[in-house]
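Listing of final-v1.txt, compact mmCIF, C-alpha atoms (C1' of nucleotides) and all ligand atoms
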# COMPACT_ATOMS: atom_id res chain seq x y z
CA MET J 1 0.00 0.00 0.00
CA ASP J 2 0.95 3.62 -0.49
CA ASN J 3 1.84 4.27 3.11
CA GLN J 4 4.54 1.67 3.00
CA GLU J 5 6.07 3.13 -0.14
CA ILE J 6 6.26 6.50 1.54
CA ARG J 7 7.73 4.97 4.67
CA ASN J 8 10.29 3.05 2.61
CA ALA J 9 11.39 6.33 1.15
CA GLY J 10 12.33 7.46 4.64
CA LEU J 11 9.50 9.95 4.76
CA LYS J 12 6.74 10.44 7.30
CA VAL J 13 3.33 9.34 6.18
CA THR J 14 1.49 12.63 6.00
CA LEU J 15 -1.82 13.54 4.45
CA PRO J 16 -0.28 15.62 1.63
CA ARG J 17 2.06 12.81 0.66
CA VAL J 18 -0.67 10.19 0.69
CA LYS J 19 -3.02 12.36 -1.34
CA ILE J 20 -0.40 13.27 -3.91
CA LEU J 21 0.60 9.65 -4.38
CA GLU J 22 -3.04 8.62 -4.67
CA LEU J 23 -3.64 11.27 -7.26
CA LEU J 24 -0.67 10.16 -9.34
CA GLU J 25 -1.97 6.61 -9.19
CA ASN J 26 -5.55 7.42 -10.11
CA SER J 27 -5.40 10.47 -12.35
CA THR J 28 -6.54 10.02 -15.92
CA GLN J 29 -3.61 12.12 -17.10
CA ARG J 30 -0.44 10.25 -16.39
CA HIS J 31 1.88 13.16 -17.03
CA VAL J 32 1.09 16.14 -14.85
CA SER J 33 2.82 19.36 -13.85
CA ALA J 34 3.15 20.46 -10.24
CA GLU J 35 0.48 23.05 -10.93
CA ASP J 36 -1.77 20.30 -12.32
CA VAL J 37 -1.34 18.26 -9.17
CA TYR J 38 -2.10 21.28 -7.04
CA LYS J 39 -5.29 22.09 -8.95
CA LEU J 40 -6.49 18.52 -9.24
CA LEU J 41 -6.17 18.19 -5.49
CA LEU J 42 -8.06 21.43 -4.99
CA ASP J 43 -10.84 20.08 -7.19
CA LYS J 44 -11.06 17.11 -4.86
CA GLY J 45 -11.30 19.40 -1.87
CA GLU J 46 -7.74 18.78 -0.69
CA GLU J 47 -6.13 22.10 0.19
CA ILE J 48 -2.46 21.27 -0.11
CA GLY J 49 -0.03 24.15 -0.62
CA LEU J 50 1.75 24.45 -3.93
CA ALA J 51 5.11 24.60 -2.15
CA THR J 52 4.31 21.28 -0.54
CA VAL J 53 3.41 19.78 -3.89
CA TYR J 54 6.79 20.79 -5.27
CA ARG J 55 8.60 19.54 -2.19
CA VAL J 56 6.83 16.20 -2.16
CA LEU J 57 7.26 15.59 -5.88
CA THR J 58 10.96 16.29 -5.54
CA GLN J 59 11.22 13.91 -2.60
CA PHE J 60 9.29 11.24 -4.46
CA GLU J 61 11.63 11.69 -7.37
CA ALA J 62 14.68 11.28 -5.14
CA ALA J 63 13.08 8.13 -3.74
CA GLY J 64 12.46 6.74 -7.20
CA LEU J 65 8.67 6.84 -6.82
CA VAL J 66 8.23 9.52 -9.42
CA ALA J 67 9.95 10.51 -12.66
CA ARG J 68 10.37 14.10 -13.79
CA HIS J 69 10.51 15.09 -17.44
CA ASN J 70 11.46 18.37 -19.08
CA PHE J 71 9.08 18.54 -21.99
CA GLU J 72 8.92 21.78 -23.94
CA GLY J 73 6.79 24.41 -22.30
CA GLY J 74 8.95 25.70 -19.49
CA HIS J 75 7.58 23.51 -16.73
CA ALA J 76 8.43 19.99 -15.61
CA VAL J 77 5.95 17.15 -15.78
CA PHE J 78 5.82 14.25 -13.36
CA GLU J 79 4.53 10.72 -13.49
CA LEU J 80 4.47 7.70 -11.27
CA ASP J 81 7.56 5.61 -11.79
CA ARG J 82 6.30 2.09 -12.29
CA GLY J 83 9.77 0.70 -12.72
CA GLU J 84 9.50 0.09 -16.45
CA HIS J 85 11.54 2.65 -18.30
CA HIS J 86 9.92 4.31 -21.27
CA ASP J 87 10.28 7.37 -23.47
CA HIS J 88 7.70 9.79 -24.80
CA ILE J 89 6.14 11.03 -28.00
CA VAL J 90 4.23 14.27 -27.68
CA CYS J 91 1.75 15.86 -30.09
CA VAL J 92 2.78 19.46 -30.64
CA VAL J 93 -0.82 20.38 -31.45
CA CYS J 94 -2.92 18.85 -28.69
CA GLY J 95 -0.28 17.87 -26.17
CA LYS J 96 -1.28 14.21 -26.19
CA VAL J 97 1.49 12.04 -24.76
CA GLU J 98 2.18 8.44 -25.68
CA GLU J 99 4.82 6.22 -24.18
CA PHE J 100 7.13 3.80 -25.91
CA MET J 101 10.20 1.71 -25.30
CA ASP J 102 12.43 0.60 -28.09
CA ALA J 103 15.13 -1.91 -27.25
CA THR J 104 17.23 -0.96 -30.25
CA ILE J 105 17.31 2.69 -29.28
CA GLU J 106 18.07 1.84 -25.68
CA GLN J 107 20.93 -0.39 -26.72
CA ARG J 108 22.43 2.10 -29.16
CA GLN J 109 22.34 4.80 -26.52
CA ARG J 110 24.42 2.70 -24.20
CA GLU J 111 26.88 2.01 -26.98
CA VAL J 112 27.11 5.65 -28.01
CA ALA J 113 27.85 6.63 -24.42
CA GLN J 114 30.52 3.95 -24.13
CA GLU J 115 32.15 4.90 -27.40
CA ARG J 116 32.57 8.40 -26.04
CA GLY J 117 33.99 7.28 -22.71
CA PHE J 118 30.83 8.09 -20.79
CA GLU J 119 29.11 5.96 -18.22
CA MET J 120 25.44 6.47 -18.99
CA ALA J 121 23.35 7.33 -15.94
CA ASP J 122 20.09 8.33 -17.53
CA HIS J 123 18.63 9.69 -20.69
CA SER J 124 15.76 11.75 -21.97
CA LEU J 125 14.22 11.02 -25.35
CA ILE J 126 11.18 12.95 -26.49
CA ILE J 127 9.77 12.77 -29.98
CA TYR J 128 7.65 15.74 -31.01
CA GLY J 129 5.15 15.40 -33.82
CA ARG J 130 1.54 15.50 -34.87
CA CYS J 131 -0.71 12.71 -33.69
CA ASN J 132 -3.13 10.90 -36.00
CA LYS J 133 -5.81 13.49 -35.26
CA HIS J 134 -3.57 16.42 -36.07
CA LYS J 135 -1.26 15.44 -38.86
CA GLU J 136 -1.48 17.43 -42.05
CA ALA J 137 -1.39 15.24 -45.11
CA MET A 1 28.55 36.33 -44.41
CA ASP A 2 26.52 36.85 -41.26
CA ASN A 3 24.68 39.88 -42.49
CA GLN A 4 23.16 37.95 -45.33
CA GLU A 5 21.97 35.18 -43.02
CA ILE A 6 20.25 37.74 -40.87
CA ARG A 7 18.73 39.41 -43.89
CA ASN A 8 17.54 36.10 -45.25
CA ALA A 9 15.74 35.56 -41.99
CA GLY A 10 13.71 38.66 -42.75
CA LEU A 11 15.39 40.61 -39.98
CA LYS A 12 17.13 43.96 -40.05
CA VAL A 13 20.89 43.80 -39.77
CA THR A 14 21.46 45.44 -36.42
CA LEU A 15 24.49 45.52 -34.18
CA PRO A 16 22.99 43.26 -31.48
CA ARG A 17 22.08 40.63 -34.05
CA VAL A 18 25.47 40.70 -35.72
CA LYS A 19 27.31 40.51 -32.40
CA ILE A 20 25.18 37.66 -31.08
CA LEU A 21 25.63 35.66 -34.25
CA GLU A 22 29.38 36.31 -34.21
CA LEU A 23 29.58 35.18 -30.64
CA LEU A 24 27.73 31.96 -31.38
CA GLU A 25 30.13 31.31 -34.23
CA ASN A 26 33.30 32.03 -32.32
CA SER A 27 32.61 31.09 -28.71
CA THR A 28 34.63 28.22 -27.29
CA GLN A 29 31.49 26.89 -25.63
CA ARG A 30 29.10 25.76 -28.29
CA HIS A 31 26.12 25.38 -25.99
CA VAL A 32 25.30 28.58 -24.16
CA SER A 33 22.38 29.97 -22.19
CA ALA A 34 20.88 33.39 -22.88
CA GLU A 35 22.55 34.61 -19.72
CA ASP A 36 25.87 33.23 -20.99
CA VAL A 37 25.49 35.12 -24.24
CA TYR A 38 24.64 38.29 -22.35
CA LYS A 39 27.67 38.01 -20.09
CA LEU A 40 30.09 36.94 -22.80
CA LEU A 41 29.07 39.99 -24.79
CA LEU A 42 29.53 42.21 -21.75
CA ASP A 43 33.03 40.78 -21.34
CA LYS A 44 33.74 41.88 -24.87
CA GLY A 45 32.45 45.35 -24.13
CA GLU A 46 29.19 44.93 -26.01
CA GLU A 47 26.36 46.28 -23.89
CA ILE A 48 23.39 44.44 -25.31
CA GLY A 49 20.31 44.14 -23.14
CA LEU A 50 19.32 40.72 -21.83
CA ALA A 51 15.82 41.17 -23.24
CA THR A 52 17.34 41.72 -26.66
CA VAL A 53 19.46 38.61 -26.30
CA TYR A 54 16.34 36.56 -25.58
CA ARG A 55 14.44 38.18 -28.42
CA VAL A 56 17.20 37.69 -30.94
CA LEU A 57 17.85 34.08 -29.94
CA THR A 58 14.17 33.32 -30.32
CA GLN A 59 14.10 35.00 -33.73
CA PHE A 60 17.21 33.12 -34.82
CA GLU A 61 15.58 29.92 -33.67
CA ALA A 62 12.45 30.65 -35.69
CA ALA A 63 14.67 31.34 -38.69
CA GLY A 64 16.53 28.06 -38.25
CA LEU A 65 19.83 29.75 -37.48
CA VAL A 66 19.89 28.57 -33.90
CA ALA A 67 18.72 25.48 -32.04
CA ARG A 68 17.35 25.57 -28.52
CA HIS A 69 17.72 22.66 -26.10
CA ASN A 70 16.07 22.02 -22.76
CA PHE A 71 18.85 20.36 -20.80
CA GLU A 72 18.30 19.81 -17.10
CA GLY A 73 18.92 22.91 -15.04
CA GLY A 74 15.87 25.02 -15.63
CA HIS A 75 17.26 27.19 -18.41
CA ALA A 76 17.46 26.67 -22.14
CA VAL A 77 20.76 26.42 -23.99
CA PHE A 78 21.33 27.59 -27.53
CA GLU A 79 23.76 26.70 -30.26
CA LEU A 80 24.36 27.63 -33.84
CA ASP A 81 22.39 25.38 -36.14
CA ARG A 82 24.87 24.23 -38.73
CA GLY A 83 22.29 22.17 -40.54
CA GLU A 84 23.62 18.80 -39.43
CA HIS A 85 21.30 17.34 -36.84
CA HIS A 86 22.90 15.89 -33.73
CA ASP A 87 22.00 14.87 -30.21
CA HIS A 88 23.82 15.42 -26.93
CA ILE A 89 25.53 13.58 -24.14
CA VAL A 90 26.07 15.61 -20.99
CA CYS A 91 28.32 14.89 -18.01
CA VAL A 92 26.25 15.24 -14.85
CA VAL A 93 29.38 16.11 -12.87
CA CYS A 94 31.19 18.74 -14.92
CA GLY A 95 28.55 19.69 -17.46
CA LYS A 96 30.75 18.80 -20.43
CA VAL A 97 28.67 18.37 -23.56
CA GLU A 98 29.51 16.12 -26.48
CA GLU A 99 27.54 15.76 -29.66
CA PHE A 100 26.69 12.64 -31.57
CA MET A 101 24.48 11.40 -34.35
CA ASP A 102 23.47 7.80 -34.64
CA ALA A 103 21.72 6.76 -37.82
CA THR A 104 20.17 3.71 -36.18
CA ILE A 105 18.58 5.75 -33.43
CA GLU A 106 17.37 8.35 -35.89
CA GLN A 107 15.80 5.70 -38.06
CA ARG A 108 14.13 3.87 -35.20
CA GLN A 109 12.66 7.11 -33.92
CA ARG A 110 10.98 7.72 -37.24
CA GLU A 111 9.62 4.20 -37.20
CA VAL A 112 8.38 4.44 -33.64
CA ALA A 113 6.52 7.65 -34.47
CA GLN A 114 4.97 6.07 -37.55
CA GLU A 115 3.91 2.95 -35.71
CA ARG A 116 1.98 5.17 -33.31
CA GLY A 117 0.33 7.21 -36.04
CA PHE A 118 2.47 10.26 -35.42
CA GLU A 119 4.20 12.40 -37.99
CA MET A 120 7.53 13.18 -36.38
CA ALA A 121 8.44 16.86 -36.47
CA ASP A 122 11.40 16.94 -34.17
CA HIS A 123 12.98 15.14 -31.28
CA SER A 124 15.16 15.72 -28.27
CA LEU A 125 17.60 13.07 -27.11
CA ILE A 126 19.94 13.78 -24.25
CA ILE A 127 22.09 11.14 -22.60
CA TYR A 128 23.22 11.97 -19.08
CA GLY A 129 26.25 10.28 -17.61
CA ARG A 130 29.72 10.65 -16.24
CA CYS A 131 32.48 11.54 -18.66
CA ASN A 132 35.83 9.76 -18.69
CA LYS A 133 37.21 12.19 -16.12
CA HIS A 134 34.33 11.67 -13.75
CA LYS A 135 33.18 8.10 -13.93
CA GLU A 136 33.39 6.03 -10.78
CA ALA A 137 34.73 2.56 -11.39
C1' DA H 1 18.17 63.43 -46.18
C1' DG H 2 13.35 62.03 -44.62
C1' DA H 3 9.77 58.84 -43.61
C1' DT H 4 8.45 54.55 -41.64
C1' DA H 5 8.38 50.24 -39.86
C1' DG H 6 11.03 47.63 -37.09
C1' DA H 7 14.50 47.13 -33.17
C1' DT H 8 16.43 48.22 -28.73
C1' DG H 9 17.00 48.95 -23.66
C1' DA H 10 15.34 49.38 -19.05
C1' DG H 11 12.39 48.00 -16.13
C1' DA H 12 8.09 45.91 -14.99
C1' DA H 13 5.62 41.82 -15.29
C1' DT H 14 4.93 36.87 -15.57
C1' DC H 15 5.80 32.15 -14.71
C1' DT H 16 7.93 28.35 -12.44
C1' DT H 17 10.28 26.75 -8.60
C1' DT H 18 12.67 27.29 -4.12
C1' DT H 19 13.34 29.21 0.40
C1' DT H 20 12.07 31.10 4.91
C1' DC H 21 9.91 30.75 9.07
C1' DA H 22 6.30 30.28 12.29
C1' DT H 23 3.04 26.69 13.27
C1' DT H 24 1.41 21.93 13.20
C1' DA H 25 1.49 16.98 13.19
C1' DC H 26 3.93 12.31 12.87
C1' DG H 27 5.67 8.61 15.48
C1' DA H 28 9.19 6.80 18.77
C1' DG H 29 9.30 5.95 23.38
C1' DT H 30 6.93 5.89 27.76
C1' DA X 1 -3.06 7.00 25.16
C1' DC X 2 0.43 11.04 26.43
C1' DT X 3 4.71 13.61 25.62
C1' DC X 4 8.37 15.19 23.13
C1' DG X 5 11.58 16.09 19.45
C1' DT X 6 11.91 16.24 14.75
C1' DA X 7 10.15 16.55 10.45
C1' DA X 8 6.46 18.51 7.56
C1' DT X 9 3.31 22.09 6.19
C1' DG X 10 1.39 26.56 4.50
C1' DA X 11 1.79 31.28 3.33
C1' DA X 12 4.41 34.50 1.74
C1' DA X 13 8.63 36.08 0.11
C1' DA X 14 12.43 35.23 -2.83
C1' DA X 15 14.82 33.61 -6.66
C1' DG X 16 15.58 32.41 -11.42
C1' DA X 17 14.21 32.42 -16.20
C1' DT X 18 11.80 34.54 -19.74
C1' DT X 19 8.52 37.82 -21.77
C1' DC X 20 6.23 42.20 -22.20
C1' DT X 21 5.66 47.35 -22.29
C1' DC X 22 6.78 51.50 -24.00
C1' DA X 23 9.52 55.38 -25.01
C1' DT X 24 13.46 56.05 -27.82
C1' DC X 25 16.47 54.92 -31.56
C1' DT X 26 17.89 53.12 -36.27
C1' DA X 27 18.10 50.33 -40.53
C1' DT X 28 16.13 50.48 -44.85
C1' DC X 29 13.50 52.38 -48.67
C1' DT X 30 12.44 56.45 -51.43
ZN ZN B 201 -2.74 15.83 -31.44
ZN ZN B 202 5.57 8.47 -19.19
ZN ZN B 203 32.71 15.27 -16.43
ZN ZN B 204 24.91 20.61 -30.00

Would you encode the structure as structure tokens?
Ligand SMILES: [Zn+2]
Ligand SMILES: [Zn+2]
Ligand SMILES: [Zn+2]
Ligand SMILES: [Zn+2]
Amino acid sequence: MDNQEIRNAGLKVTLPRVKILELLENSTQRHVSAEDVYKLLLDKGEEIGLATVYRVLTQFEAAGLVARHNFEGGHAVFELDRGEHHDHIVCVVCGKVEEFMDATIEQRQREVAQERGFEMADHSLIIYGRCNKHKEA
Amino acid sequence: MDNQEIRNAGLKVTLPRVKILELLENSTQRHVSAEDVYKLLLDKGEEIGLATVYRVLTQFEAAGLVARHNFEGGHAVFELDRGEHHDHIVCVVCGKVEEFMDATIEQRQREVAQERGFEMADHSLIIYGRCNKHKEA
DNA sequence: AGATAGATGAGAATCTTTTTCATTACGAGT
DNA sequence: ACTCGTAATGAAAAAGATTCTCATCTATCT
């Protein structure tokens, strides 16, 4: 259960943390900004300060519960980290986000890093395009 | 020459634009933030307002003269767009940036987008890791 | 050279995220 | 269950990045 995940992260089980984790688990949008989380909680009647939302998301990220992504747009988006790595493809018209994982790309990235003497720690791959509803031709 | 590139972009050839483009061409750091550009110009005695730096970089981007990247760190970095696409590998310790282009990755990205019904417009791939000077083992 | 649309600079404004600090609430130990 | 010390929270301020406003200047065309 959630409480245990929070405890395992070395954090106290507080109402804001439980509610934020619940929201990330149950929200229809998987990829949400801090502001989104704040407003979605407000809509549910949970008055949790925006500063707390930022703090908790950052702590969850450090604990590996949450992943942060820097999509275009000037603000970070967060999602529950379910352990399975994936990358993203984002529609530049409607903002729709789809996830994918391509073993070939993953493998080549590791090789590219090695070839350059780097030890890969992480990577960020975002494809921008127009989804089936918004492509031109 | 620079002036023609600026003109071709439909922009007036002004001193700030010429100086910013020169700096991007000659700077030892290829990947610079707007603040970097502002300060590097100051160091050279060119007093160009920060707002102008932002405006010009954005215009250059729209004209395809400059590429903008959202590395981690909360601020965008810019580089001259020399027409040859490439991606980046960044050392999380010292910030060193290397460029690479991998045909396999590029190709798979296009395929992934297609498989999902997307028309790829652009993509952002950043590998984070430790460079040869900073890796552990 | 003169007219005009476009460009600049300074500062204000905006947006996102972090910090401060006084107050409140977990949870370990009794 | 009660107490206490520490960690967590909320509100507001601060900080950092970027954009906007507007009065002034300037490149370009005639
Ligand atoms: Zn779309
Ligand atoms: Zn995702
Ligand atoms: Zn390094
Ligand atoms: Zn580059």

Problem - Surrounding residues as JSON, numbers by chain, ligand ZN 201 (chain B), max 8 Å, all atoms listed in the file - result: {"J": [91, 92, 93, 94, 95, 96, 130, 131, 132, 133, 134, 135]}

Problem - Protein and nucleic acid residues within 10 Å of ligand ZN 204 (chain B) (only C-alpha atoms (C1' of nucleotides) and all ligand atoms) as an MDAnalysis selection string - result: chainID A and resid 30:32 67:69 77:82 84:89 97:100

Exercise for the section: Would you mind listing what lies within 12 Å of A:Asn8 as a list in words, with all atoms listed in the file counted and same-chain residues fewer than 6 positions away left out? Expected result: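 Result of the neighbour search: Met1, Asp2, Phe60, Ala63, Gly64 and Leu65 of chain A.
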
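Near chain X, the residues of chain J that fall inside 9 Å (using all atoms listed in the file) are Leu11, Lys12, Thr14, Pro16, Ile48, Gly49, Leu50, Ala51 and Thr52 of chain J.
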
Practice task
Please measure the separation of atom CA of A:Gly129 and atom CA of J:Glu119, giving the value in Å to one decimal.
Solution key: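 Here the two named atoms are 5.2 Å from each other.
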
Residues of chain J that approach ligand ZN 203 (chain B) to 12 Å or less, counting all atoms listed in the file: could you list each one with the shortest pair of atoms and its distance in Å to one decimal, rows by chain and increasing residue number, as a Markdown table?
| residue | atom | partner | partner_atom | distance |
| --- | --- | --- | --- | --- |
| J:Arg116 | CA | B:ZN203 | ZN | 11.8 |
| J:Gly117 | CA | B:ZN203 | ZN | 10.2 |
| J:Phe118 | CA | B:ZN203 | ZN | 8.6 |
| J:Glu119 | CA | B:ZN203 | ZN | 10.1 |
| J:Met120 | CA | B:ZN203 | ZN | 11.7 |

Exercise for the section: Kindly determine which residues of chain H lie within 10 Å of chain J, considering all atoms listed in the file, and give the answer as JSON, numbers by chain. Expected result: {"H": [15, 16, 17, 18, 19, 25, 26, 27]}

How would chain A read as an mmCIF file with C-alpha atoms, in the frame of the given file after a least-squares superposition onto chain J over every Cα atom, matched in order?
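Final output, superposed11.cif:
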data_model
loop_
_atom_site.group_PDB
_atom_site.id
_atom_site.type_symbol
_atom_site.label_atom_id
_atom_site.label_comp_id
_atom_site.auth_asym_id
_atom_site.auth_seq_id
_atom_site.Cartn_x
_atom_site.Cartn_y
_atom_site.Cartn_z
ATOM 1 C CA MET A 1 0.047 0.001 -0.089
ATOM 2 C CA ASP A 2 0.993 3.637 -0.531
ATOM 3 C CA ASN A 3 1.886 4.237 3.064
ATOM 4 C CA GLN A 4 4.589 1.633 2.950
ATOM 5 C CA GLU A 5 6.112 3.124 -0.193
ATOM 6 C CA ILE A 6 6.291 6.472 1.506
ATOM 7 C CA ARG A 7 7.776 4.935 4.613
ATOM 8 C CA ASN A 8 10.324 3.038 2.580
ATOM 9 C CA ALA A 9 11.406 6.330 1.113
ATOM 10 C CA GLY A 10 12.341 7.430 4.610
ATOM 11 C CA LEU A 11 9.501 9.924 4.735
ATOM 12 C CA LYS A 12 6.765 10.394 7.294
ATOM 13 C CA VAL A 13 3.340 9.269 6.177
ATOM 14 C CA THR A 14 1.485 12.552 6.034
ATOM 15 C CA LEU A 15 -1.807 13.476 4.448
ATOM 16 C CA PRO A 16 -0.268 15.589 1.652
ATOM 17 C CA ARG A 17 2.064 12.769 0.672
ATOM 18 C CA VAL A 18 -0.661 10.150 0.681
ATOM 19 C CA LYS A 19 -3.023 12.340 -1.336
ATOM 20 C CA ILE A 20 -0.392 13.268 -3.908
ATOM 21 C CA LEU A 21 0.621 9.664 -4.390
ATOM 22 C CA GLU A 22 -3.024 8.608 -4.694
ATOM 23 C CA LEU A 23 -3.624 11.271 -7.265
ATOM 24 C CA LEU A 24 -0.648 10.177 -9.336
ATOM 25 C CA GLU A 25 -1.953 6.629 -9.221
ATOM 26 C CA ASN A 26 -5.520 7.433 -10.138
ATOM 27 C CA SER A 27 -5.387 10.506 -12.358
ATOM 28 C CA THR A 28 -6.543 10.064 -15.936
ATOM 29 C CA GLN A 29 -3.602 12.158 -17.098
ATOM 30 C CA ARG A 30 -0.429 10.288 -16.393
ATOM 31 C CA HIS A 31 1.888 13.208 -17.038
ATOM 32 C CA VAL A 32 1.097 16.181 -14.846
ATOM 33 C CA SER A 33 2.816 19.394 -13.817
ATOM 34 C CA ALA A 34 3.141 20.479 -10.192
ATOM 35 C CA GLU A 35 0.477 23.068 -10.870
ATOM 36 C CA ASP A 36 -1.768 20.330 -12.284
ATOM 37 C CA VAL A 37 -1.344 18.268 -9.146
ATOM 38 C CA TYR A 38 -2.110 21.293 -7.000
ATOM 39 C CA LYS A 39 -5.280 22.111 -8.909
ATOM 40 C CA LEU A 40 -6.488 18.536 -9.225
ATOM 41 C CA LEU A 41 -6.174 18.192 -5.472
ATOM 42 C CA LEU A 42 -8.061 21.440 -4.950
ATOM 43 C CA ASP A 43 -10.835 20.088 -7.172
ATOM 44 C CA LYS A 44 -11.061 17.132 -4.851
ATOM 45 C CA GLY A 45 -11.270 19.409 -1.847
ATOM 46 C CA GLU A 46 -7.733 18.764 -0.661
ATOM 47 C CA GLU A 47 -6.116 22.064 0.248
ATOM 48 C CA ILE A 48 -2.450 21.237 -0.069
ATOM 49 C CA GLY A 49 -0.040 24.106 -0.565
ATOM 50 C CA LEU A 50 1.757 24.433 -3.891
ATOM 51 C CA ALA A 51 5.101 24.579 -2.092
ATOM 52 C CA THR A 52 4.307 21.249 -0.484
ATOM 53 C CA VAL A 53 3.385 19.764 -3.837
ATOM 54 C CA TYR A 54 6.774 20.787 -5.227
ATOM 55 C CA ARG A 55 8.581 19.522 -2.155
ATOM 56 C CA VAL A 56 6.818 16.191 -2.125
ATOM 57 C CA LEU A 57 7.261 15.609 -5.856
ATOM 58 C CA THR A 58 10.958 16.306 -5.517
ATOM 59 C CA GLN A 59 11.211 13.924 -2.564
ATOM 60 C CA PHE A 60 9.290 11.246 -4.444
ATOM 61 C CA GLU A 61 11.628 11.732 -7.362
ATOM 62 C CA ALA A 62 14.678 11.311 -5.141
ATOM 63 C CA ALA A 63 13.103 8.150 -3.750
ATOM 64 C CA GLY A 64 12.459 6.769 -7.227
ATOM 65 C CA LEU A 65 8.693 6.862 -6.835
ATOM 66 C CA VAL A 66 8.236 9.565 -9.423
ATOM 67 C CA ALA A 67 9.956 10.548 -12.656
ATOM 68 C CA ARG A 68 10.368 14.130 -13.783
ATOM 69 C CA HIS A 69 10.498 15.124 -17.452
ATOM 70 C CA ASN A 70 11.460 18.399 -19.075
ATOM 71 C CA PHE A 71 9.067 18.574 -22.002
ATOM 72 C CA GLU A 72 8.917 21.810 -23.953
ATOM 73 C CA GLY A 73 6.800 24.445 -22.276
ATOM 74 C CA GLY A 74 8.969 25.714 -19.485
ATOM 75 C CA HIS A 75 7.580 23.539 -16.708
ATOM 76 C CA ALA A 76 8.430 20.036 -15.599
ATOM 77 C CA VAL A 77 5.940 17.182 -15.771
ATOM 78 C CA PHE A 78 5.819 14.290 -13.353
ATOM 79 C CA GLU A 79 4.544 10.754 -13.507
ATOM 80 C CA LEU A 80 4.489 7.735 -11.288
ATOM 81 C CA ASP A 81 7.590 5.651 -11.811
ATOM 82 C CA ARG A 82 6.328 2.132 -12.263
ATOM 83 C CA GLY A 83 9.805 0.754 -12.694
ATOM 84 C CA GLU A 84 9.522 0.112 -16.417
ATOM 85 C CA HIS A 85 11.551 2.688 -18.280
ATOM 86 C CA HIS A 86 9.895 4.350 -21.252
ATOM 87 C CA ASP A 87 10.268 7.391 -23.455
ATOM 88 C CA HIS A 88 7.674 9.805 -24.804
ATOM 89 C CA ILE A 89 6.128 11.018 -28.003
ATOM 90 C CA VAL A 90 4.210 14.269 -27.712
ATOM 91 C CA CYS A 91 1.738 15.839 -30.138
ATOM 92 C CA VAL A 92 2.777 19.441 -30.724
ATOM 93 C CA VAL A 93 -0.823 20.371 -31.531
ATOM 94 C CA CYS A 94 -2.920 18.842 -28.763
ATOM 95 C CA GLY A 95 -0.274 17.871 -26.237
ATOM 96 C CA LYS A 96 -1.286 14.206 -26.234
ATOM 97 C CA VAL A 97 1.468 12.055 -24.786
ATOM 98 C CA GLU A 98 2.156 8.447 -25.683
ATOM 99 C CA GLU A 99 4.797 6.237 -24.177
ATOM 100 C CA PHE A 100 7.095 3.806 -25.884
ATOM 101 C CA MET A 101 10.170 1.730 -25.264
ATOM 102 C CA ASP A 102 12.413 0.606 -28.052
ATOM 103 C CA ALA A 103 15.091 -1.912 -27.190
ATOM 104 C CA THR A 104 17.192 -0.975 -30.207
ATOM 105 C CA ILE A 105 17.298 2.675 -29.250
ATOM 106 C CA GLU A 106 18.049 1.835 -25.643
ATOM 107 C CA GLN A 107 20.896 -0.412 -26.664
ATOM 108 C CA ARG A 108 22.402 2.047 -29.114
ATOM 109 C CA GLN A 109 22.314 4.780 -26.503
ATOM 110 C CA ARG A 110 24.384 2.676 -24.156
ATOM 111 C CA GLU A 111 26.841 1.989 -26.936
ATOM 112 C CA VAL A 112 27.073 5.613 -27.979
ATOM 113 C CA ALA A 113 27.830 6.630 -24.395
ATOM 114 C CA GLN A 114 30.493 3.945 -24.094
ATOM 115 C CA GLU A 115 32.128 4.862 -27.370
ATOM 116 C CA ARG A 116 32.559 8.386 -26.027
ATOM 117 C CA GLY A 117 33.967 7.274 -22.693
ATOM 118 C CA PHE A 118 30.815 8.104 -20.785
ATOM 119 C CA GLU A 119 29.080 5.983 -18.202
ATOM 120 C CA MET A 120 25.414 6.489 -18.974
ATOM 121 C CA ALA A 121 23.321 7.344 -15.930
ATOM 122 C CA ASP A 122 20.079 8.344 -17.526
ATOM 123 C CA HIS A 123 18.614 9.703 -20.704
ATOM 124 C CA SER A 124 15.745 11.765 -21.992
ATOM 125 C CA LEU A 125 14.189 11.024 -25.361
ATOM 126 C CA ILE A 126 11.163 12.944 -26.508
ATOM 127 C CA ILE A 127 9.756 12.735 -30.014
ATOM 128 C CA TYR A 128 7.638 15.695 -31.064
ATOM 129 C CA GLY A 129 5.140 15.345 -33.864
ATOM 130 C CA ARG A 130 1.545 15.453 -34.922
ATOM 131 C CA CYS A 131 -0.723 12.678 -33.730
ATOM 132 C CA ASN A 132 -3.138 10.876 -36.034
ATOM 133 C CA LYS A 133 -5.827 13.463 -35.335
ATOM 134 C CA HIS A 134 -3.568 16.362 -36.155
ATOM 135 C CA LYS A 135 -1.234 15.393 -38.932
ATOM 136 C CA GLU A 136 -1.419 17.366 -42.146
ATOM 137 C CA ALA A 137 -1.284 15.185 -45.217
#

Practice task
Pick out the closest residue to chain J from this set: A:Glu46, A:Glu136, A:Tyr128, A:Asp36. Count all atoms listed in the file.
Solution key: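 Using all atoms listed in the file, chain J sits closest to A:Tyr128.
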
Exercise for the section: Please provide as a list in words all residues within 12 Å of A:Ala103, with the sequence filter that same-chain residues fewer than 4 positions apart are discarded (counting all atoms listed in the file). Expected result: Thr104, Ile105, Arg108, Gln109 and Val112 of chain J; His85, His86, Asp87, Gln107, Arg108, Gln109 and Arg110 of chain A

Problem - Selection near J:Leu23, 10 Å with only C-alpha atoms (C1' of nucleotides), sequence-local residues under 6 positions removed, as a PyMOL selection string - result: chain J and resi 17+29-30+37+40-41+44+80

Practice task
State, in Å with one decimal place, the distance from atom CA of A:Glu5 to atom CA of A:Ala62.
Solution key: 12.8 Å

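Compared by their closest atoms to ligand ZN 202 (chain B), and using all atoms listed in the file, the residues J:Gly83, J:Val53, J:Glu106, J:Val18 rank with J:Gly83 nearest.
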